[in-house]
$ cat start_31.txt   # compact mmCIF, C-alpha atoms
# COMPACT_ATOMS: atom_id res chain seq x y z
CA GLY A 1 -50.13 307.78 166.06
CA ASP A 2 -47.56 305.17 167.03
CA ARG A 3 -50.13 302.98 168.79
CA LEU A 4 -52.27 302.77 165.65
CA LYS A 5 -49.18 302.09 163.55
CA THR A 6 -48.32 299.18 165.86
CA ILE A 7 -51.88 297.81 165.67
CA PHE A 8 -51.95 297.99 161.86
CA LEU A 9 -48.55 296.41 161.37
CA HIS A 10 -49.37 293.69 163.90
CA ASN A 11 -52.58 292.89 161.98
CA ILE A 12 -50.79 292.87 158.63
CA TYR A 13 -48.02 290.62 159.97
CA SER A 14 -50.65 288.31 161.52
CA ILE A 15 -52.34 287.38 158.25
CA PRO A 16 -50.97 284.14 156.74
CA ASP A 17 -47.44 284.88 155.48
CA GLY A 18 -47.90 288.56 156.42
CA GLU A 19 -44.35 288.70 157.78
CA ARG A 20 -43.10 288.27 154.21
CA ILE A 21 -43.64 292.01 153.69
CA LYS A 22 -40.30 292.39 155.46
CA GLU A 23 -38.71 290.40 152.61
CA CYS A 24 -39.93 292.74 149.84
CA GLN A 25 -37.07 293.54 147.47
CA GLN A 26 -38.92 296.47 145.86
CA CYS A 27 -38.49 294.80 142.47
CA GLY A 28 -41.80 296.22 141.17
CA THR A 29 -43.16 292.91 139.86
CA CYS A 30 -46.40 293.48 141.82
CA SER A 31 -46.94 296.91 140.27
CA ALA A 32 -46.07 295.70 136.77
CA SER A 33 -48.50 292.78 137.16
CA CYS A 34 -51.39 294.89 138.47
CA PRO A 35 -54.09 295.65 135.86
CA THR A 36 -55.37 298.64 137.87
CA ALA A 37 -52.05 300.15 139.03
CA SER A 38 -52.30 303.06 136.58
CA TRP A 39 -55.46 304.27 138.37
CA MET A 40 -54.04 303.87 141.87
CA ASP A 41 -52.70 306.81 143.87
CA TYR A 42 -49.81 304.59 144.91
CA SER A 43 -48.64 301.40 143.25
CA PRO A 44 -48.52 298.11 145.17
CA ARG A 45 -44.72 298.46 145.49
CA GLU A 46 -45.15 301.94 146.99
CA ILE A 47 -47.80 300.65 149.41
CA ILE A 48 -45.42 298.01 150.75
CA ALA A 49 -42.64 300.61 151.10
CA ALA A 50 -45.02 302.95 152.96
CA LEU A 51 -46.20 300.15 155.25
CA ARG A 52 -42.65 299.16 156.10
CA ALA A 53 -41.81 302.81 156.78
CA GLY A 54 -44.92 303.14 158.97
CA ILE A 55 -46.52 305.82 156.79
CA LEU A 56 -50.09 304.65 157.33
CA ASP A 57 -51.97 307.86 156.54
CA ARG A 58 -50.75 307.83 152.96
CA VAL A 59 -51.67 304.19 152.50
CA LEU A 60 -55.12 304.32 154.06
CA LYS A 61 -56.31 307.64 152.64
CA SER A 62 -55.33 306.72 149.10
CA ASN A 63 -57.65 305.04 146.61
CA THR A 64 -55.26 302.12 146.18
CA VAL A 65 -56.98 299.56 148.41
CA TRP A 66 -60.30 300.31 146.68
CA MET A 67 -58.83 300.00 143.18
CA CYS A 68 -57.48 296.50 143.82
CA ALA A 69 -59.19 294.11 141.38
CA SER A 70 -58.45 291.08 143.61
CA CYS A 71 -57.02 289.25 140.61
CA TYR A 72 -54.05 287.90 142.63
CA SER A 73 -51.58 288.64 139.79
CA CYS A 74 -49.30 290.42 142.26
CA THR A 75 -49.47 287.52 144.70
CA VAL A 76 -48.79 284.87 142.06
CA ARG A 77 -45.81 286.70 140.56
CA CYS A 78 -44.13 288.04 143.70
CA PRO A 79 -40.64 286.48 144.02
CA ALA A 80 -40.75 287.01 147.81
CA GLY A 81 -44.09 285.19 148.14
CA ILE A 82 -45.93 288.24 149.53
CA LYS A 83 -49.70 287.75 149.47
CA PHE A 84 -50.36 291.35 148.54
CA THR A 85 -54.04 290.88 147.73
CA ASP A 86 -54.60 289.62 151.29
CA VAL A 87 -52.75 292.69 152.57
CA MET A 88 -55.13 294.89 150.57
CA TYR A 89 -58.16 293.16 152.11
CA GLU A 90 -56.73 293.68 155.59
CA LEU A 91 -56.03 297.36 154.86
CA LYS A 92 -59.63 297.86 153.71
CA ARG A 93 -60.91 296.22 156.87
CA LEU A 94 -58.63 298.18 159.19
CA GLY A 95 -59.21 301.45 157.35
CA GLY A 96 -62.97 301.04 157.77
CA LYS A 97 -62.69 299.98 161.39
CA TYR A 98 -60.49 302.92 162.41
CA GLY A 99 -62.21 305.58 160.31
CA TYR A 100 -59.56 306.08 157.64
CA VAL A 101 -61.95 305.64 154.73
CA ASP A 102 -62.79 308.91 153.01
CA ARG A 103 -66.61 308.94 152.96
CA ARG A 104 -66.50 310.96 149.72
CA SER A 105 -64.31 308.41 147.94
CA THR A 106 -66.20 307.15 144.90
CA THR A 107 -64.32 303.84 144.90
CA ALA A 108 -65.22 303.26 148.56
CA GLN A 109 -68.84 304.19 147.74
CA MET A 110 -68.88 301.60 144.96
CA ALA A 111 -67.56 298.95 147.37
CA ARG A 112 -70.22 299.83 149.96
CA SER A 113 -72.98 299.77 147.32
CA PHE A 114 -71.78 296.38 146.10
CA CYS A 115 -71.78 294.95 149.64
CA LYS A 116 -75.31 296.23 150.27
CA THR A 117 -76.71 294.66 147.10
CA VAL A 118 -74.97 291.34 147.76
CA ASP A 119 -76.28 291.37 151.32
CA ARG A 120 -79.81 292.03 150.08
CA TYR A 121 -79.93 289.55 147.17
CA GLY A 122 -77.07 287.14 147.82
CA LYS A 123 -75.45 288.22 144.55
CA ASN A 124 -74.68 291.39 142.63
CA ALA A 125 -77.67 293.32 141.32
CA GLU A 126 -76.24 295.64 138.68
CA CYS A 127 -79.19 298.00 138.36
CA GLU A 128 -79.52 298.58 142.10
CA LEU A 129 -75.75 298.72 142.52
CA LEU A 130 -75.46 301.56 140.01
CA ALA A 131 -78.52 303.34 141.41
CA ARG A 132 -77.06 303.24 144.93
CA TYR A 133 -73.63 304.30 143.66
CA TYR A 134 -74.80 307.25 141.58
CA LEU A 135 -77.25 308.47 144.23
CA SER A 136 -74.44 308.50 146.79
CA THR A 137 -71.89 310.19 144.49
CA ASN A 138 -73.24 312.16 141.52
CA PRO A 139 -76.77 311.41 140.24
CA PHE A 140 -76.28 313.57 137.14
CA LYS A 141 -73.30 311.50 136.02
CA ALA A 142 -75.67 308.54 135.56
CA LEU A 143 -77.28 310.36 132.63
CA GLY A 144 -74.06 309.92 130.65
CA GLN A 145 -74.38 306.16 131.03
CA PHE A 146 -77.99 305.99 129.83
CA GLY A 147 -77.18 304.94 126.27
CA LEU A 148 -74.91 302.10 127.34
CA GLY A 149 -77.41 300.98 129.99
CA LEU A 150 -80.23 300.90 127.45
CA LYS A 151 -78.16 298.80 125.01
CA MET A 152 -77.29 296.36 127.78
CA LEU A 153 -80.92 296.21 128.91
CA LEU A 154 -82.14 295.43 125.38
CA LYS A 155 -79.55 292.66 125.04
CA GLY A 156 -80.61 291.12 128.35
CA ARG A 157 -77.32 291.97 130.07
CA PHE A 158 -78.74 294.45 132.59
CA PRO A 159 -81.76 293.06 134.46
CA LEU A 160 -83.93 295.69 136.10
CA TYR A 161 -85.33 293.29 138.70
CA PRO A 162 -82.74 291.11 140.41
CA HIS A 163 -83.57 287.66 141.69
CA ARG A 164 -82.63 286.73 145.22
CA ILE A 165 -80.65 283.56 145.70
CA ARG A 166 -81.83 280.82 148.02
CA GLY A 167 -79.95 280.55 151.29
CA ARG A 168 -79.37 284.28 151.88
CA LYS A 169 -79.69 283.75 155.62
CA SER A 170 -76.91 281.16 155.51
CA LEU A 171 -74.76 283.52 153.45
CA ARG A 172 -75.29 286.31 156.01
CA LYS A 173 -74.34 283.94 158.84
CA MET A 174 -71.12 283.01 157.02
CA VAL A 175 -70.27 286.69 156.43
CA GLU A 176 -70.93 287.52 160.09
CA ALA A 177 -68.78 284.57 161.21
CA ALA A 178 -65.97 285.74 158.93
CA LYS A 179 -66.22 289.27 160.35
CA GLU A 180 -66.11 287.96 163.91
CA GLY A 181 -63.11 285.77 163.06
CA ALA A 182 -61.29 288.75 161.54
CA GLN A 183 -61.87 290.81 164.69
CA THR A 184 -60.28 288.28 167.04
$ encode --input "start_31.txt" --output "structure tokens"
Amino acid sequence: GDRLKTIFLHNIYSIPDGERIKECQQCGTCSASCPTASWMDYSPREIIAALRAGILDRVLKSNTVWMCASCYSCTVRCPAGIKFTDVMYELKRLGGKYGYVDRRSTTAQMARSFCKTVDRYGKNAECELLARYYLSTNPFKALGQFGLGLKMLLKGRFPLYPHRIRGRKSLRKMVEAAKEGAQT
């Protein structure tokens, strides 16, 4: 309720330049700059309006935070200097922490699968990523991608066996330190 709304807004305002959300002019530059806005339930401009109005359910239960490509186009072009990509990262973190992520969301499943493969290998492992994703969403849908996957495999663009990077333990320590820092 109101307590959660206060926590979320406090966290958003606490990120560097987070208070700039209050200066949003609703010009739509962020939405027009976003390469994935057409697939989002709510555009970046609508997300900011919903946040300012305290309508958190709509923001957190939408696919918008998971569709963000992290390209920073919105951030670079915003005339008010709002770091919208950072806001999206914070919304993902808070949504996961407080149970607002729809476990059936395919975009959230892709994000989780990606994180698991990076944690395991230190980098993305496309074959395992897709296997994890399709097994957690719709295994039969993978059959429709077989032709493309085979072409990519034959051209050397889709390795079946990923190589682990050196220093995975150090990478995990950095990730854990970043998580701890975000929780304080």
$ axis_aligned_box --input "start_31.txt" --around "range 117-133 of chain A" --padding-each-side "5 Å" --output "JSON"
{"center_x": -76.8, "center_y": 295.7, "center_z": 144.8, "size_x": 16.3, "size_y": 27.2, "size_z": 23.0}
$ closest_residue --input "start_31.txt" --among "A:Phe140, A:Asp119, A:Ala125, A:Leu130" --to "Lys173 in chain A" --atoms "only C-alpha atoms"
A:Asp119
$ atom_distance --input "start_31.txt" --atom1 "CA of Asp86 in chain A" --atom2 "CA of Asp17 in chain A"
9.6 Å
$ atom_distance --input "start_31.txt" --atom1 "CA of Arg45 in chain A" --atom2 "CA of Thr75 in chain A"
12.0 Å
$ atom_distance --input "start_31.txt" --atom1 "CA of Pro159 in chain A" --atom2 "CA of Arg172 in chain A"
23.5 Å
$ closest_residue --input "start_31.txt" --among "A:Met152, A:Cys74, A:Leu160, A:Leu56" --to "Ile7 in chain A" --atoms "all atoms listed in the file"
A:Leu56
$ closest_residue --input "start_31.txt" --among "A:Thr64, A:Ser136, A:Thr36, A:Ser70" --to "Ile48 in chain A" --atoms "all atoms listed in the file"
A:Thr64
$ residues_near_point --input "start_31.txt" --point "(-74.3, 308.5, 146.5)" --cutoff "10 Å" --atoms "all atoms listed in the file" --output "count of residues only"
15
$ closest_residue --input "start_31.txt" --among "A:Gln145, A:Ser38, A:Ser31, A:Ser170" --to "Thr85 in chain A" --atoms "all atoms listed in the file"
A:Ser31
$ closest_residue --input "start_31.txt" --among "A:Pro162, A:Met40, A:Ile82, A:Ser73" --to "Cys24 in chain A" --atoms "all atoms listed in the file"
A:Ile82
$ residues_around --input "start_31.txt" --residues "Leu94 in chain A" --least-positions-apart "2" --cutoff "10 Å" --atoms "only C-alpha atoms" --output "PyMOL selection string"
chain A and resi 7-8+11-12+60+88-92+96-101+183
$ closest_residue --input "start_31.txt" --among "A:Ala108, A:Ala53, A:Leu148, A:Leu171" --to "Arg93 in chain A" --atoms "all atoms listed in the file"
A:Ala108
$ residues_around --input "start_31.txt" --residues "Pro35 in chain A" --least-positions-apart "6" --cutoff "9 Å" --atoms "all atoms listed in the file" --output "list in words"
Cys68, Ala69, Cys71 and Ser73 of chain A
$ decode --input "start_31.txt" --residues "range 85-131 of chain A" --atoms "N, CA and C atoms" --output "PDB file, in the first residue's frame"
ATOM      1  N   THR A  85      17.156   4.936 -17.658  1.00  0.00           N
ATOM      2  CA  THR A  85      17.661   3.558 -17.665  1.00  0.00           C
ATOM      3  C   THR A  85      18.001   3.114 -16.247  1.00  0.00           C
ATOM      4  N   ASP A  86      18.575   4.006 -15.448  1.00  0.00           N
ATOM      5  CA  ASP A  86      18.880   3.679 -14.053  1.00  0.00           C
ATOM      6  C   ASP A  86      17.597   3.448 -13.256  1.00  0.00           C
ATOM      7  N   VAL A  87      16.567   4.212 -13.575  1.00  0.00           N
ATOM      8  CA  VAL A  87      15.261   4.019 -12.929  1.00  0.00           C
ATOM      9  C   VAL A  87      14.731   2.622 -13.254  1.00  0.00           C
ATOM     10  N   MET A  88      14.890   2.199 -14.504  1.00  0.00           N
ATOM     11  CA  MET A  88      14.414   0.870 -14.907  1.00  0.00           C
ATOM     12  C   MET A  88      15.152  -0.228 -14.143  1.00  0.00           C
ATOM     13  N   TYR A  89      16.468  -0.077 -13.980  1.00  0.00           N
ATOM     14  CA  TYR A  89      17.232  -1.057 -13.207  1.00  0.00           C
ATOM     15  C   TYR A  89      16.729  -1.124 -11.765  1.00  0.00           C
ATOM     16  N   GLU A  90      16.468   0.029 -11.185  1.00  0.00           N
ATOM     17  CA  GLU A  90      15.992   0.065  -9.802  1.00  0.00           C
ATOM     18  C   GLU A  90      14.603  -0.561  -9.690  1.00  0.00           C
ATOM     19  N   LEU A  91      13.747  -0.328 -10.687  1.00  0.00           N
ATOM     20  CA  LEU A  91      12.413  -0.933 -10.665  1.00  0.00           C
ATOM     21  C   LEU A  91      12.487  -2.455 -10.782  1.00  0.00           C
ATOM     22  N   LYS A  92      13.410  -2.963 -11.602  1.00  0.00           N
ATOM     23  CA  LYS A  92      13.591  -4.414 -11.700  1.00  0.00           C
ATOM     24  C   LYS A  92      14.016  -4.976 -10.344  1.00  0.00           C
ATOM     25  N   ARG A  93      14.974  -4.318  -9.731  1.00  0.00           N
ATOM     26  CA  ARG A  93      15.492  -4.782  -8.447  1.00  0.00           C
ATOM     27  C   ARG A  93      14.403  -4.777  -7.381  1.00  0.00           C
ATOM     28  N   LEU A  94      13.684  -3.664  -7.288  1.00  0.00           N
ATOM     29  CA  LEU A  94      12.635  -3.545  -6.275  1.00  0.00           C
ATOM     30  C   LEU A  94      11.470  -4.492  -6.551  1.00  0.00           C
ATOM     31  N   GLY A  95      11.110  -4.638  -7.818  1.00  0.00           N
ATOM     32  CA  GLY A  95      10.030  -5.545  -8.186  1.00  0.00           C
ATOM     33  C   GLY A  95      10.354  -6.972  -7.790  1.00  0.00           C
ATOM     34  N   GLY A  96      11.599  -7.393  -8.013  1.00  0.00           N
ATOM     35  CA  GLY A  96      12.023  -8.730  -7.621  1.00  0.00           C
ATOM     36  C   GLY A  96      12.063  -8.893  -6.117  1.00  0.00           C
ATOM     37  N   LYS A  97      12.576  -7.878  -5.444  1.00  0.00           N
ATOM     38  CA  LYS A  97      12.705  -7.941  -3.985  1.00  0.00           C
ATOM     39  C   LYS A  97      11.357  -8.020  -3.283  1.00  0.00           C
ATOM     40  N   TYR A  98      10.363  -7.303  -3.791  1.00  0.00           N
ATOM     41  CA  TYR A  98       9.059  -7.242  -3.130  1.00  0.00           C
ATOM     42  C   TYR A  98       7.995  -8.119  -3.792  1.00  0.00           C
ATOM     43  N   GLY A  99       8.426  -9.010  -4.685  1.00  0.00           N
ATOM     44  CA  GLY A  99       7.512  -9.990  -5.244  1.00  0.00           C
ATOM     45  C   GLY A  99       6.533  -9.468  -6.280  1.00  0.00           C
ATOM     46  N   TYR A 100       6.901  -8.412  -6.998  1.00  0.00           N
ATOM     47  CA  TYR A 100       6.010  -7.884  -8.022  1.00  0.00           C
ATOM     48  C   TYR A 100       6.269  -8.475  -9.407  1.00  0.00           C
ATOM     49  N   VAL A 101       7.261  -9.324  -9.527  1.00  0.00           N
ATOM     50  CA  VAL A 101       7.575  -9.891 -10.833  1.00  0.00           C
ATOM     51  C   VAL A 101       6.650 -11.065 -11.099  1.00  0.00           C
ATOM     52  N   ASP A 102       5.964 -11.027 -12.207  1.00  0.00           N
ATOM     53  CA  ASP A 102       5.079 -12.115 -12.615  1.00  0.00           C
ATOM     54  C   ASP A 102       5.950 -13.306 -13.022  1.00  0.00           C
ATOM     55  N   ARG A 103       5.876 -14.390 -12.269  1.00  0.00           N
ATOM     56  CA  ARG A 103       6.734 -15.559 -12.526  1.00  0.00           C
ATOM     57  C   ARG A 103       6.480 -16.159 -13.910  1.00  0.00           C
ATOM     58  N   ARG A 104       5.322 -15.877 -14.497  1.00  0.00           N
ATOM     59  CA  ARG A 104       5.009 -16.409 -15.827  1.00  0.00           C
ATOM     60  C   ARG A 104       5.493 -15.499 -16.947  1.00  0.00           C
ATOM     61  N   SER A 105       5.973 -14.322 -16.608  1.00  0.00           N
ATOM     62  CA  SER A 105       6.415 -13.358 -17.613  1.00  0.00           C
ATOM     63  C   SER A 105       7.589 -13.928 -18.406  1.00  0.00           C
ATOM     64  N   THR A 106       7.438 -14.004 -19.721  1.00  0.00           N
ATOM     65  CA  THR A 106       8.508 -14.565 -20.541  1.00  0.00           C
ATOM     66  C   THR A 106       9.727 -13.645 -20.565  1.00  0.00           C
ATOM     67  N   THR A 107       9.507 -12.332 -20.497  1.00  0.00           N
ATOM     68  CA  THR A 107      10.654 -11.421 -20.505  1.00  0.00           C
ATOM     69  C   THR A 107      11.424 -11.534 -19.197  1.00  0.00           C
ATOM     70  N   ALA A 108      10.729 -11.709 -18.085  1.00  0.00           N
ATOM     71  CA  ALA A 108      11.410 -11.907 -16.801  1.00  0.00           C
ATOM     72  C   ALA A 108      12.139 -13.251 -16.803  1.00  0.00           C
ATOM     73  N   GLN A 109      11.545 -14.272 -17.425  1.00  0.00           N
ATOM     74  CA  GLN A 109      12.194 -15.582 -17.517  1.00  0.00           C
ATOM     75  C   GLN A 109      13.477 -15.486 -18.325  1.00  0.00           C
ATOM     76  N   MET A 110      13.449 -14.709 -19.407  1.00  0.00           N
ATOM     77  CA  MET A 110      14.660 -14.528 -20.217  1.00  0.00           C
ATOM     78  C   MET A 110      15.742 -13.851 -19.391  1.00  0.00           C
ATOM     79  N   ALA A 111      15.386 -12.829 -18.627  1.00  0.00           N
ATOM     80  CA  ALA A 111      16.356 -12.129 -17.780  1.00  0.00           C
ATOM     81  C   ALA A 111      16.955 -13.077 -16.748  1.00  0.00           C
ATOM     82  N   ARG A 112      16.120 -13.909 -16.114  1.00  0.00           N
ATOM     83  CA  ARG A 112      16.626 -14.862 -15.120  1.00  0.00           C
ATOM     84  C   ARG A 112      17.552 -15.887 -15.784  1.00  0.00           C
ATOM     85  N   SER A 113      17.168 -16.389 -16.955  1.00  0.00           N
ATOM     86  CA  SER A 113      17.998 -17.365 -17.661  1.00  0.00           C
ATOM     87  C   SER A 113      19.342 -16.758 -18.027  1.00  0.00           C
ATOM     88  N   PHE A 114      19.322 -15.513 -18.463  1.00  0.00           N
ATOM     89  CA  PHE A 114      20.565 -14.814 -18.820  1.00  0.00           C
ATOM     90  C   PHE A 114      21.476 -14.694 -17.598  1.00  0.00           C
ATOM     91  N   CYS A 115      20.911 -14.278 -16.465  1.00  0.00           N
ATOM     92  CA  CYS A 115      21.703 -14.125 -15.240  1.00  0.00           C
ATOM     93  C   CYS A 115      22.315 -15.450 -14.794  1.00  0.00           C
ATOM     94  N   LYS A 116      21.557 -16.535 -14.931  1.00  0.00           N
ATOM     95  CA  LYS A 116      22.071 -17.842 -14.528  1.00  0.00           C
ATOM     96  C   LYS A 116      23.232 -18.281 -15.410  1.00  0.00           C
ATOM     97  N   THR A 117      23.137 -18.048 -16.720  1.00  0.00           N
ATOM     98  CA  THR A 117      24.232 -18.467 -17.594  1.00  0.00           C
ATOM     99  C   THR A 117      25.468 -17.599 -17.377  1.00  0.00           C
ATOM    100  N   VAL A 118      25.272 -16.313 -17.164  1.00  0.00           N
ATOM    101  CA  VAL A 118      26.421 -15.435 -16.902  1.00  0.00           C
ATOM    102  C   VAL A 118      27.074 -15.812 -15.578  1.00  0.00           C
ATOM    103  N   ASP A 119      26.269 -16.147 -14.578  1.00  0.00           N
ATOM    104  CA  ASP A 119      26.822 -16.558 -13.297  1.00  0.00           C
ATOM    105  C   ASP A 119      27.635 -17.843 -13.445  1.00  0.00           C
ATOM    106  N   ARG A 120      27.153 -18.741 -14.275  1.00  0.00           N
ATOM    107  CA  ARG A 120      27.827 -20.039 -14.434  1.00  0.00           C
ATOM    108  C   ARG A 120      29.115 -19.945 -15.251  1.00  0.00           C
ATOM    109  N   TYR A 121      29.090 -19.152 -16.343  1.00  0.00           N
ATOM    110  CA  TYR A 121      30.229 -19.118 -17.261  1.00  0.00           C
ATOM    111  C   TYR A 121      31.019 -17.814 -17.228  1.00  0.00           C
ATOM    112  N   GLY A 122      30.439 -16.777 -16.638  1.00  0.00           N
ATOM    113  CA  GLY A 122      31.105 -15.475 -16.643  1.00  0.00           C
ATOM    114  C   GLY A 122      30.790 -14.669 -17.877  1.00  0.00           C
ATOM    115  N   LYS A 123      29.995 -15.231 -18.769  1.00  0.00           N
ATOM    116  CA  LYS A 123      29.562 -14.557 -20.000  1.00  0.00           C
ATOM    117  C   LYS A 123      28.291 -15.243 -20.476  1.00  0.00           C
ATOM    118  N   ASN A 124      27.683 -14.689 -21.503  1.00  0.00           N
ATOM    119  CA  ASN A 124      26.465 -15.300 -22.034  1.00  0.00           C
ATOM    120  C   ASN A 124      26.807 -16.597 -22.759  1.00  0.00           C
ATOM    121  N   ALA A 125      25.972 -17.584 -22.596  1.00  0.00           N
ATOM    122  CA  ALA A 125      26.097 -18.856 -23.297  1.00  0.00           C
ATOM    123  C   ALA A 125      24.775 -19.074 -24.027  1.00  0.00           C
ATOM    124  N   GLU A 126      24.750 -18.694 -25.304  1.00  0.00           N
ATOM    125  CA  GLU A 126      23.498 -18.638 -26.048  1.00  0.00           C
ATOM    126  C   GLU A 126      22.713 -19.939 -26.042  1.00  0.00           C
ATOM    127  N   CYS A 127      23.389 -21.049 -26.258  1.00  0.00           N
ATOM    128  CA  CYS A 127      22.691 -22.334 -26.333  1.00  0.00           C
ATOM    129  C   CYS A 127      22.013 -22.662 -24.998  1.00  0.00           C
ATOM    130  N   GLU A 128      22.749 -22.524 -23.911  1.00  0.00           N
ATOM    131  CA  GLU A 128      22.157 -22.811 -22.603  1.00  0.00           C
ATOM    132  C   GLU A 128      21.096 -21.781 -22.243  1.00  0.00           C
ATOM    133  N   LEU A 129      21.343 -20.529 -22.596  1.00  0.00           N
ATOM    134  CA  LEU A 129      20.361 -19.474 -22.323  1.00  0.00           C
ATOM    135  C   LEU A 129      19.013 -19.828 -22.949  1.00  0.00           C
ATOM    136  N   LEU A 130      19.037 -20.187 -24.240  1.00  0.00           N
ATOM    137  CA  LEU A 130      17.788 -20.518 -24.924  1.00  0.00           C
ATOM    138  C   LEU A 130      17.166 -21.804 -24.389  1.00  0.00           C
ATOM    139  N   ALA A 131      18.000 -22.775 -24.042  1.00  0.00           N
ATOM    140  CA  ALA A 131      17.467 -24.019 -23.469  1.00  0.00           C
ATOM    141  C   ALA A 131      16.752 -23.725 -22.149  1.00  0.00           C
TER     142      ALA A 131
END
